[in-house]
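S.K.: First the structure, which I've put down as structure tokens, then a few questions once you've had a look.
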Amino acid sequence: MYTLSYNSGGTRICSGGNISHPCGNPALPEERDHAFMRKTVETAVNMLAEQVEGQKLVVIER
Amino acid sequence: MKILYYMNTFFAGLGGEQAADNPLVFFKEAKGPAGGLLANLGAEFEIPETAVAGDNYAATHLEDMLDAICKKLNEGKFDCVVAGPAFNAGRYAQACHEVCKLAADKGILAIMGMDVDAPGREEYSKDCFVFPSGSSAAGMRKTLPVIAAFIKRRAAGEELKPAAEEGHFPRGIRKIVIRDRCAAARALDMLELKLAGKPFVTENHVHVLERITPAPPVDLKNAVIGLANTGGLFPKGNPDHCRSRGGDTWGKYDFKGQDALVPGEWEAIHSGYSAEYADRNPNYIEPVSIMRELEKEGKFKRLHETFLATAGNGGAVGDCTETGQAFATYFKNQGVNAVILVST
């Protein structure tokens with residue numbers, strides 16, 4: 001639903017898994033789910049340290 | 001006039017969240033609200049097919065879904081597409097908009113319904129005709145006749161009137177017309193009414209969402225980071241009795257000393273998505289587990305050990321703005337430098 005955040009004016013947006021599990025993917029084996037969670041959250045944390053003009057959207061590959 | 005109607009699984013009577021992953025299916029009948037629209041239209045109109053997809057499917061397989069609908073529109077020679085109404089549902093409104101935009105780009109009359117305060121309404125109104133529906137399905141009875149009347153006027157070839165007269169949200173299109181009195185005279189008329197405390201109608205209603213200037217970046221090594229979510233993740237039992245929608249009630253929840261949120265101690269109270277995965281692993285909604293890993297690795301200085309939670313679906317812009325400001329005030333007072341807000 002990151003497009004909704006973008007249309008609503010969010011300035012730093014990172015896509016996630018799915019509406020019911022935004023920070024992970026339960027369909028993946030545990031190790032890969034953890035790796036996906038890690039990638040999503042760490043990307044979001046890194047964005048806090050970036051200079052942003054207007055809006056920035058990062059789409060994480062599921 | 002031949003109409004293709006798009007709706008989600010809930011309104012097609014196939015199930016709510018449990019059917020949200022259902023792929024797109026075309027039914028050779030007017031299901032759910034399509035039947036209601038047909039009853040208001042009359043014999044010269046037909047809705048031979050209803051396109052139905054789960055909201056999750058529409059969000060995650062959008063390209064495939066639009067390809068199939070495009071093919072159906074080409075083959076079926078439809079004159080009009082109607083979608084929704086989506087009321088204040090985020091995923092559903094987005095899906096309706098995408099279907100309508102596809103149709104509109106092909107020159108097909110495209111109509112959807114949604115609530116005035118639902119996110120995306122202003123953007124969607126630029127691409128198709130969006131009719132106000134109210135925030136819940138209780139608005140269906142009033143909305144369908146208005147949409148039906150609009151379709152009839154279009155089928156009769158009547159000239160399109162201003163949005164306020166036709167009943168849909170403004171599309172941002174300006175048409176030059178000759179008025180009977182000059183602008184100065186009309187402005188003075190409005191002023192006279194305003195000074196007398198009488199109602200008047202503005203000719204130029206501007207309603208835009210506030211655009212926020214991005215906050216400056218933080219130095220992660222010295223940053224205290226806070227967590228918040230709009231996924232309605234609350235302690236088991238929802239002790240603060242926060243609502244499952246609306247974004248207007250919220251709570252503060254400690255996880256001091258915990259390396260991860262423990263399943264069974266938390267639950268998702270949110271009427272907009274299935275809580276199955278969140279209940280199984282609350283870190284999917286509030287990623288304390290990953291943030292703790294990053295904290296221990298020195299990625300940032302410290303994780304603030306209280307997160308804020310609300311259930312954001314169906315929230316009026318005003319209520320959500322107020323809650324957001326309350327979140328910001330709390331975090332600022334706690335010395336938090338940056339926040340990760342997880343949204344479902």
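Following the order of the structure tokens, first chain is A, next is B, and so on, with residues numbered from 1 inside each chain and ligands from 1 in the order they appear.
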Contacts between region 33-51 of chain A and region 138-216 of chain B, please, where a residue of region 138-216 of chain B counts if it comes within 9 Å (with only C-alpha atoms); show its shortest atom pair and distance in Å to one decimal, rows by chain and ascending number, as a Markdown table.
M.R.:
```
| residue | atom | partner | partner_atom | distance |
| --- | --- | --- | --- | --- |
| B:Pro214 | CA | A:Gln51 | CA | 8.3 |
| B:Ala215 | CA | A:Gln51 | CA | 8.4 |
| B:Pro216 | CA | A:Gln51 | CA | 6.3 |
```
S.K.: Output N, CA, C and O atoms for every residue in that selection, as a PDB file, in the first residue's frame.
M.R.:
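See part-v3.pdb below for the written result:
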```pdb
ATOM      1  N   PRO B 214      10.285  17.333   4.163  1.00  0.00           N
ATOM      2  CA  PRO B 214      10.976  16.210   4.819  1.00  0.00           C
ATOM      3  C   PRO B 214      11.870  16.708   5.950  1.00  0.00           C
ATOM      4  O   PRO B 214      12.551  17.719   5.813  1.00  0.00           O
ATOM      5  N   ALA B 215      11.861  15.978   7.063  1.00  0.00           N
ATOM      6  CA  ALA B 215      12.736  16.336   8.175  1.00  0.00           C
ATOM      7  C   ALA B 215      14.188  16.130   7.736  1.00  0.00           C
ATOM      8  O   ALA B 215      14.476  15.274   6.903  1.00  0.00           O
ATOM      9  N   PRO B 216      15.102  16.904   8.298  1.00  0.00           N
ATOM     10  CA  PRO B 216      16.512  16.702   7.936  1.00  0.00           C
ATOM     11  C   PRO B 216      16.971  15.320   8.378  1.00  0.00           C
ATOM     12  O   PRO B 216      16.394  14.728   9.292  1.00  0.00           O
TER      13      PRO B 216
END
```
S.K.: Would you mind listing, as a ChimeraX atom specification, all residues of chain B that have at least one atom within 6 Å of chain A, where only C-alpha atoms are what counts?
M.R.: /B:211,214,217-218,273,284,290,344
S.K.: Out of chain A, which residues get alpha helix (DSSP H) from DSSP, as a ChimeraX atom specification?
M.R.: /A:2-7,30-48
S.K.: Counting only C-alpha atoms, figure out which residue out of B:Asn229, B:Gln334, B:Asn238, B:Ser271 gets nearest to Ala89 (chain B).
M.R.: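 Among B:Asn229, B:Gln334, B:Asn238, B:Ser271, it is B:Ser271 that comes nearest to Ala89 (chain B).
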S.K.: Tell me, as a list of chain:residue names, which residues lie within 10 Å of Phe234 (chain B), counting only C-alpha atoms; anything in the same chain fewer than 2 positions away does not count.
M.R.: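 Result of the neighbour search: B:Asn229, B:Gly231, B:Gly232, B:Lys236, B:Gly237, B:Asn238, B:Pro239, B:Asp240, B:His241, B:Cys242, B:Trp250, B:Gly251, B:Lys252, B:Tyr253, B:Glu265, B:Trp266, B:Glu267, B:Ala268, B:Ile269, B:His270, B:Pro282, B:Phe307, B:Leu308, B:Ala309, B:Thr310, B:Ala311.
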S.K.: Mind the document's chain letters and residue numbers, and return as an NGL selection string the residues of region 28-256 of chain B that DSSP labels strand (DSSP E).
M.R.: :B and (46-53 or 80-83 or 109-114 or 129-132 or 224-229 or 233-235 or 250-254)
S.K.: Please, could you write that set of residues out with N, CA, C and O atoms as a short mmCIF file (atom, residue, chain, number, x, y, z; two decimals), in the first residue's frame?
M.R.:
```cif
data_model
loop_
_atom_site.label_atom_id
_atom_site.label_comp_id
_atom_site.auth_asym_id
_atom_site.auth_seq_id
_atom_site.Cartn_x
_atom_site.Cartn_y
_atom_site.Cartn_z
N GLU B 46 -27.39 -2.87 -19.57
CA GLU B 46 -27.09 -4.24 -19.14
C GLU B 46 -25.74 -4.30 -18.44
O GLU B 46 -24.83 -3.54 -18.79
N ILE B 47 -25.69 -5.17 -17.45
CA ILE B 47 -24.42 -5.44 -16.77
C ILE B 47 -24.21 -6.95 -16.91
O ILE B 47 -24.53 -7.72 -16.01
N PRO B 48 -23.68 -7.38 -18.06
CA PRO B 48 -23.61 -8.81 -18.33
C PRO B 48 -22.52 -9.52 -17.53
O PRO B 48 -22.56 -10.74 -17.38
N GLU B 49 -21.55 -8.75 -17.03
CA GLU B 49 -20.47 -9.39 -16.29
C GLU B 49 -20.04 -8.55 -15.09
O GLU B 49 -20.08 -7.32 -15.14
N THR B 50 -19.62 -9.26 -14.03
CA THR B 50 -19.06 -8.61 -12.85
C THR B 50 -17.64 -9.14 -12.66
O THR B 50 -17.43 -10.37 -12.60
N ALA B 51 -16.68 -8.24 -12.56
CA ALA B 51 -15.29 -8.63 -12.29
C ALA B 51 -15.07 -8.56 -10.79
O ALA B 51 -15.35 -7.53 -10.17
N VAL B 52 -14.59 -9.65 -10.20
CA VAL B 52 -14.42 -9.71 -8.75
C VAL B 52 -13.01 -10.16 -8.41
O VAL B 52 -12.52 -11.16 -8.95
N ALA B 53 -12.35 -9.44 -7.52
CA ALA B 53 -11.02 -9.83 -7.07
C ALA B 53 -10.87 -9.49 -5.59
O ALA B 53 -11.48 -8.55 -5.09
N CYS B 80 -19.11 1.26 -20.55
CA CYS B 80 -18.93 1.91 -19.25
C CYS B 80 -18.37 0.90 -18.26
O CYS B 80 -18.63 -0.31 -18.35
N VAL B 81 -17.54 1.41 -17.34
CA VAL B 81 -17.04 0.60 -16.23
C VAL B 81 -17.44 1.29 -14.93
O VAL B 81 -17.27 2.50 -14.79
N VAL B 82 -18.00 0.51 -14.02
CA VAL B 82 -18.33 1.03 -12.69
C VAL B 82 -17.57 0.20 -11.67
O VAL B 82 -17.50 -1.03 -11.79
N ALA B 83 -17.00 0.84 -10.68
CA ALA B 83 -16.23 0.12 -9.65
C ALA B 83 -16.61 0.62 -8.26
O ALA B 83 -16.85 1.81 -8.06
N LEU B 109 -16.34 5.35 -20.45
CA LEU B 109 -16.88 6.06 -19.29
C LEU B 109 -16.55 5.25 -18.04
O LEU B 109 -16.88 4.07 -17.94
N ALA B 110 -15.85 5.88 -17.08
CA ALA B 110 -15.36 5.16 -15.90
C ALA B 110 -15.82 5.85 -14.63
O ALA B 110 -15.59 7.05 -14.45
N ILE B 111 -16.47 5.09 -13.75
CA ILE B 111 -17.11 5.66 -12.57
C ILE B 111 -16.80 4.80 -11.35
O ILE B 111 -16.86 3.58 -11.43
N MET B 112 -16.47 5.45 -10.24
CA MET B 112 -16.31 4.73 -8.98
C MET B 112 -16.91 5.56 -7.85
O MET B 112 -17.29 6.71 -8.07
N GLY B 113 -17.00 4.98 -6.68
CA GLY B 113 -17.51 5.71 -5.52
C GLY B 113 -16.55 5.54 -4.36
O GLY B 113 -15.90 4.50 -4.21
N MET B 114 -16.42 6.57 -3.53
CA MET B 114 -15.62 6.47 -2.32
C MET B 114 -15.98 7.63 -1.39
O MET B 114 -16.64 8.59 -1.80
N PHE B 129 -14.64 9.52 -12.94
CA PHE B 129 -15.70 10.17 -12.18
C PHE B 129 -15.85 9.46 -10.84
O PHE B 129 -16.16 8.27 -10.80
N VAL B 130 -15.61 10.18 -9.75
CA VAL B 130 -15.69 9.59 -8.42
C VAL B 130 -16.87 10.20 -7.69
O VAL B 130 -16.93 11.42 -7.53
N PHE B 131 -17.78 9.35 -7.27
CA PHE B 131 -18.99 9.82 -6.58
C PHE B 131 -18.86 9.60 -5.09
O PHE B 131 -18.32 8.58 -4.64
N PRO B 132 -19.36 10.57 -4.28
CA PRO B 132 -19.31 10.40 -2.82
C PRO B 132 -20.21 9.26 -2.39
O PRO B 132 -21.34 9.14 -2.86
N VAL B 224 18.29 8.30 18.76
CA VAL B 224 17.33 7.45 19.47
C VAL B 224 16.16 7.27 18.51
O VAL B 224 15.58 8.26 18.04
N ILE B 225 15.83 6.03 18.21
CA ILE B 225 14.77 5.78 17.23
C ILE B 225 13.54 5.21 17.92
O ILE B 225 13.64 4.33 18.79
N GLY B 226 12.39 5.74 17.54
CA GLY B 226 11.13 5.26 18.10
C GLY B 226 10.37 4.43 17.08
O GLY B 226 10.67 4.47 15.87
N LEU B 227 9.40 3.68 17.56
CA LEU B 227 8.57 2.86 16.69
C LEU B 227 7.10 3.21 16.88
O LEU B 227 6.66 3.53 17.99
N ALA B 228 6.35 3.14 15.79
CA ALA B 228 4.91 3.35 15.86
C ALA B 228 4.27 2.51 14.76
O ALA B 228 4.95 2.09 13.82
N ASN B 229 2.98 2.23 14.88
CA ASN B 229 2.30 1.49 13.82
C ASN B 229 0.83 1.91 13.72
O ASN B 229 0.22 2.32 14.72
N LEU B 233 -1.65 -2.78 16.47
CA LEU B 233 -1.05 -3.81 17.32
C LEU B 233 -1.10 -3.34 18.77
O LEU B 233 -0.45 -2.37 19.14
N PHE B 234 -1.87 -4.03 19.58
CA PHE B 234 -2.06 -3.66 20.99
C PHE B 234 -1.75 -4.85 21.87
O PHE B 234 -1.71 -5.99 21.39
N PRO B 235 -1.55 -4.62 23.18
CA PRO B 235 -1.37 -5.76 24.08
C PRO B 235 -2.61 -6.64 24.04
O PRO B 235 -3.73 -6.17 23.82
N TRP B 250 -5.51 5.77 20.37
CA TRP B 250 -4.17 5.18 20.28
C TRP B 250 -3.62 4.91 21.65
O TRP B 250 -4.18 5.36 22.67
N GLY B 251 -2.54 4.13 21.71
CA GLY B 251 -1.97 3.79 23.01
C GLY B 251 -0.45 3.75 22.95
O GLY B 251 0.16 3.74 21.88
N LYS B 252 0.17 3.74 24.16
CA LYS B 252 1.63 3.67 24.31
C LYS B 252 1.94 2.35 24.99
O LYS B 252 1.36 2.05 26.04
N TYR B 253 2.87 1.58 24.42
CA TYR B 253 3.11 0.23 24.96
C TYR B 253 4.59 -0.06 25.11
O TYR B 253 5.38 0.08 24.17
N ASP B 254 4.96 -0.46 26.33
CA ASP B 254 6.36 -0.73 26.64
C ASP B 254 6.79 -2.11 26.19
O ASP B 254 6.01 -3.07 26.25
#
```
